[in-house]
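Structure first, then comments.
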Amino acid sequence: MINTVEALLFGAGRPLRLSEIRSLLDSDGINAELSEIKQVINHLEERHSESSLEVVEVASGFRLQIKETYSPSLTHLWNERAPRISKALMETISIIAYKQPVTRGDIEDIRGVSVSTQGIRSLLERNWIKVSGFKDVPGRPALYTTTKEFLDDLNIKNLSSLPDLPEPIRLEDNELFSKVI
Amino acid sequence: MQNSTQIQLEFPTVMGQPFEKLPEDLFIPPNALEICLETFSGPMDLLLYLIKKENINILELDVSKITDQYIEYIELMDVLKFELAAEYLVMAATLAEIKSRMMLPQEIYEEEEEDPKLALINRLQEYQRYKTASENIAILPRVDRDFFTASAGLPQIKIHKEEFSITEAELAAIFQEIQSRPVLTSNHQVDFEELSTQERIQIILTILSKRNIISFSKTLRKSEGRPGVVVSFLASLELAKEGHVELIQNKTNEIYLKSRTGAAN
């Protein structure tokens with residue numbers, strides 16, 4: 001079964017959930033419990049400890065990846081870089097990630113600039129964000145949340161695996177503050 | 001934060017003289033607008049940059065000093081790109097408002113419900129949290145940039161083919177439609193001309209240029225058969241008509257072609 005699971009992960013080209021693997025095995029006439037499949041994946045991880053590949057669990061399931069050590073070689077092979085994401089767009093996606101669901105107005109309040117439609121659209125096209133609903137205020141603005149694919153692309157399992165949002169500088173010493181004014 | 005000194009500066013001219021050396025207390029490059037729009041993600045970013053540059057804590061924000069610097073930046077912005085700079089102007093106005101309030105007697109100031117300076121500091125603090133967070137996220141390993149997935153799959157190929165179904169009536173309709181299509185393309189075959197009178201004329205003339213006279217039977221090839229005889233005869237007649245040859249028949253059945261031009265030469 002271990003080879004079948006490996007073949008499925010290799011052939012899928014996207015993360016596979018344990019339940020997906022189970023139903024795929026099932027249609028192949030192999031009956032397996034989720035726990036068994038998890039064990040098989042653990043074995044796969046061990047098997048690949050010596051190879052250039054690794055099994056990684058991300059938000060949408062398990063996938064095979066090329067170990068990051070080999071990325072420089074691959075960059076030379078493909079000779080092209082992933083499109084750069086502007087600072088402004090990174091701020092936008094970060095605000096959505098930490099404060100979701102948010103409207104465009106919420107993002108603008110924090111960033112102090114108007115958020116371009118183009119920017120939002122590029123995040124939607126990238127499948128990093130989605131419209132999760134509409135806020136019940138005049139104009140019914142769209143509420144944005146991040147997607148599993150966003151987490152997949154950052155190689156993490158869930159939102160809590162994101163780096164912590166830095167704490168604001170505390171206004172402990174009110175006296176000091178009043179002096180400044 | 002991108003260091004402004006790394007950016008190639010274009011020196012402006014002051015009273016006809018190139019303004020090469022920037023005053024030391026001024027850290028505003030002449031192409032400030034481009035820097036603002038490209039380096040900074042917004043007015044909050046620019047303000048944070050200035051605060052950092054002045055090496056002061058946000059909480060100890062000296063609005064007066066920062067406002068001057070900020071407004072100097074704004075003044076350098078190109079009028080044509082005013083629309084883009086609008087958000088920066090809002091910030092400049094906010095700073096100017098705070099500055100002007102600070103000049104007023106303290107009593108009036110204290111009557112205010114909300115301290116605009118405190119509000120600005122709060123906004124800056126909040127912005128800085130997300131700015132830092134975005135920088136943290138930006139350096140996280142990212143797919144296709146820092147790491148790659150391993151796959152033998154061809155995601156574009158659909159495994160399940162769509163069921164093909166068609167009714168008799170549809171088939172008939174399609175057939176009728178095809179039949180009624182105008183014939184826009186047709187073909188015809190161009191036959192290779194095996195025996196050409198033009199070609200035979202050339203051959204005969206070539207022979208006559210060397211021999212002056214040739215019997216008609218010598219212009220024939222057995223393999224060509226009867227059509228060959230016809231072509232040779234037509235060629236001979238054509239040559240005679242044009243005055244290139246003289247056709248001579250003696251008591252025998254043989255015809256001779258005698259060159260006229262050859263004799264002239």
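By order in the structure tokens, chains are A, B, ...; within a chain, residues start at 1; ligands start at 1, following the order shown.
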Using only C-alpha atoms, determine which residues of chain B fall within 9 Å of chain A; present them as a ChimeraX atom specification. /B:39-45,58-62,87-88,91,102,117,122-138,140-155
Just write the chosen residues, C-alpha atoms, as a CSV table (one decimal), in the first residue's frame.
chain,number,residue,atom,x,y,z
B,39,THR,CA,9.2,52.5,-2.1
B,40,PHE,CA,6.4,53.3,0.3
B,41,SER,CA,3.2,51.5,0.4
B,42,GLY,CA,1.3,54.6,1.6
B,43,PRO,CA,1.5,57.7,3.7
B,44,MET,CA,1.6,55.7,6.9
B,45,ASP,CA,4.7,53.9,5.6
B,58,ILE,CA,6.4,56.7,17.8
B,59,LEU,CA,5.2,57.5,21.3
B,60,GLU,CA,7.5,60.5,21.4
B,61,LEU,CA,6.4,61.8,18.1
B,62,ASP,CA,7.5,65.3,17.6
B,87,GLU,CA,-3.5,60.2,0.3
B,88,TYR,CA,-0.2,61.7,1.2
B,91,MET,CA,-1.7,62.8,5.9
B,102,MET,CA,-0.3,72.5,19.5
B,117,LYS,CA,-2.2,63.4,17.9
B,122,ASN,CA,-2.8,54.9,17.6
B,123,ARG,CA,-3.2,54.5,13.9
B,124,LEU,CA,0.5,54.5,13.3
B,125,GLN,CA,0.9,51.8,16.0
B,126,GLU,CA,-1.8,49.7,14.5
B,127,TYR,CA,-0.3,50.1,11.0
B,128,GLN,CA,3.1,49.2,12.2
B,129,ARG,CA,1.8,45.9,13.6
B,130,TYR,CA,0.5,44.8,10.2
B,131,LYS,CA,3.5,46.2,8.4
B,132,THR,CA,5.8,44.1,10.5
B,133,ALA,CA,3.5,41.1,10.1
B,134,SER,CA,3.5,41.5,6.3
B,135,GLU,CA,7.3,41.6,6.3
B,136,ASN,CA,7.3,38.4,8.4
B,137,ILE,CA,4.9,36.8,6.0
B,138,ALA,CA,6.9,38.0,3.0
B,140,LEU,CA,8.0,32.8,4.8
B,141,PRO,CA,8.9,30.1,2.3
B,142,ARG,CA,6.7,30.5,-0.7
B,143,VAL,CA,5.7,27.9,-3.3
B,144,ASP,CA,7.5,28.3,-6.7
B,145,ARG,CA,9.8,30.9,-5.1
B,146,ASP,CA,11.5,29.2,-2.2
B,147,PHE,CA,10.3,25.6,-2.6
B,148,PHE,CA,8.7,23.5,-5.2
B,149,THR,CA,6.2,20.7,-5.2
B,150,ALA,CA,7.1,17.3,-6.6
B,151,SER,CA,4.6,15.9,-9.1
B,152,ALA,CA,4.4,13.5,-12.0
B,153,GLY,CA,0.9,14.6,-12.6
B,154,LEU,CA,-0.4,16.5,-15.7
B,155,PRO,CA,-3.1,18.6,-14.1
DSSP on the backbone, strand (DSSP E or B) only: what residues of range 39-148 of chain A does that give? Format it as a list in words. Leu53, Glu54, Val55, Val56, Glu57, Val58, Gly61, Phe62, Arg63, Leu64, Gln65, Ile66, Val102, Ile129, Lys130, Val131, Ser132, Gly133, Phe134, Ala142, Leu143, Tyr144, Thr145 and Thr146 of chain A
Could the residues in this selection be saved with N, CA and C atoms as a short mmCIF file (atom, residue, chain, number, x, y, z; two decimals), in the first residue's frame?
data_model
loop_
_atom_site.label_atom_id
_atom_site.label_comp_id
_atom_site.auth_asym_id
_atom_site.auth_seq_id
_atom_site.Cartn_x
_atom_site.Cartn_y
_atom_site.Cartn_z
N LEU A 53 13.17 14.31 -1.85
CA LEU A 53 11.76 14.65 -1.69
C LEU A 53 11.35 14.56 -0.22
N GLU A 54 10.20 15.16 0.08
CA GLU A 54 9.66 15.04 1.43
C GLU A 54 8.14 15.11 1.36
N VAL A 55 7.49 14.46 2.33
CA VAL A 55 6.05 14.54 2.43
C VAL A 55 5.74 15.63 3.45
N VAL A 56 4.91 16.59 3.04
CA VAL A 56 4.62 17.73 3.91
C VAL A 56 3.12 17.85 4.08
N GLU A 57 2.70 18.12 5.31
CA GLU A 57 1.28 18.36 5.53
C GLU A 57 1.02 19.86 5.49
N VAL A 58 0.14 20.27 4.58
CA VAL A 58 -0.26 21.67 4.50
C VAL A 58 -1.76 21.74 4.73
N GLY A 61 -3.99 19.21 2.90
CA GLY A 61 -3.67 17.79 2.99
C GLY A 61 -2.18 17.53 2.89
N PHE A 62 -1.86 16.33 2.38
CA PHE A 62 -0.44 15.94 2.27
C PHE A 62 0.01 16.08 0.83
N ARG A 63 1.26 16.50 0.67
CA ARG A 63 1.79 16.57 -0.69
C ARG A 63 3.29 16.26 -0.68
N LEU A 64 3.74 15.87 -1.85
CA LEU A 64 5.17 15.62 -2.03
C LEU A 64 5.84 16.91 -2.47
N GLN A 65 6.95 17.23 -1.84
CA GLN A 65 7.68 18.43 -2.21
C GLN A 65 9.15 18.09 -2.41
N ILE A 66 9.78 18.95 -3.14
CA ILE A 66 11.24 18.84 -3.27
C ILE A 66 11.82 19.60 -2.10
N VAL A 102 -12.59 40.64 6.64
CA VAL A 102 -12.51 42.11 6.59
C VAL A 102 -13.06 42.63 5.26
N ILE A 129 -7.27 34.70 -1.57
CA ILE A 129 -8.40 35.17 -0.79
C ILE A 129 -9.70 34.81 -1.49
N LYS A 130 -10.79 34.83 -0.74
CA LYS A 130 -12.10 34.61 -1.34
C LYS A 130 -13.13 35.50 -0.64
N VAL A 131 -14.25 35.69 -1.32
CA VAL A 131 -15.32 36.47 -0.72
C VAL A 131 -16.13 35.50 0.14
N SER A 132 -16.17 35.77 1.45
CA SER A 132 -16.85 34.82 2.33
C SER A 132 -18.26 35.27 2.65
N GLY A 133 -18.59 36.50 2.27
CA GLY A 133 -19.93 37.01 2.56
C GLY A 133 -19.95 38.51 2.36
N PHE A 134 -21.04 39.11 2.82
CA PHE A 134 -21.16 40.56 2.67
C PHE A 134 -21.54 41.16 4.01
N ALA A 142 -18.12 43.48 0.37
CA ALA A 142 -17.69 42.08 0.42
C ALA A 142 -16.74 41.87 1.60
N LEU A 143 -16.87 40.70 2.22
CA LEU A 143 -15.96 40.32 3.31
C LEU A 143 -14.96 39.32 2.75
N TYR A 144 -13.69 39.60 2.98
CA TYR A 144 -12.65 38.73 2.43
C TYR A 144 -12.03 37.86 3.52
N THR A 145 -11.75 36.62 3.15
CA THR A 145 -11.00 35.73 4.03
C THR A 145 -9.90 35.06 3.21
N THR A 146 -8.90 34.54 3.91
CA THR A 146 -7.85 33.83 3.17
C THR A 146 -8.32 32.41 2.87
#
Using DSSP on the backbone coordinates, identify all residues within range 51-117 of chain A classified as helix (DSSP H, G or I); present the result as a PyMOL selection string. chain A and resi 68-78+87-99+104-111+117
Please provide as a list in words all residues within 8 Å of Ser236 in chain B, with the sequence filter that same-chain residues fewer than 6 positions apart are discarded (counting only C-alpha atoms).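 Those residues are Ile201, Val245, Leu247 and Leu257 of chain B.
Minimum distance to Lys52 in chain B across B:Leu220, B:Lys251, B:Glu72, B:Ile66 (counting only C-alpha atoms) occurs at B:Ile66.
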Residues near Lys65 in chain B, cut-off 12 Å, only C-alpha atoms, skip fewer than 6 positions along chain, as a list in words: Leu47, Leu50, Ile51, Lys53, Glu54, Ile56, Ile71, Glu72, Leu95, Ala96, Ile98 and Lys99 of chain B
Using only C-alpha atoms, can you tell me which of B:Lys258, B:Val63, B:Ala235, B:Phe164 comes closest to Leu118 in chain B?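 Result for the nearest residue to Leu118 in chain B: B:Val63.
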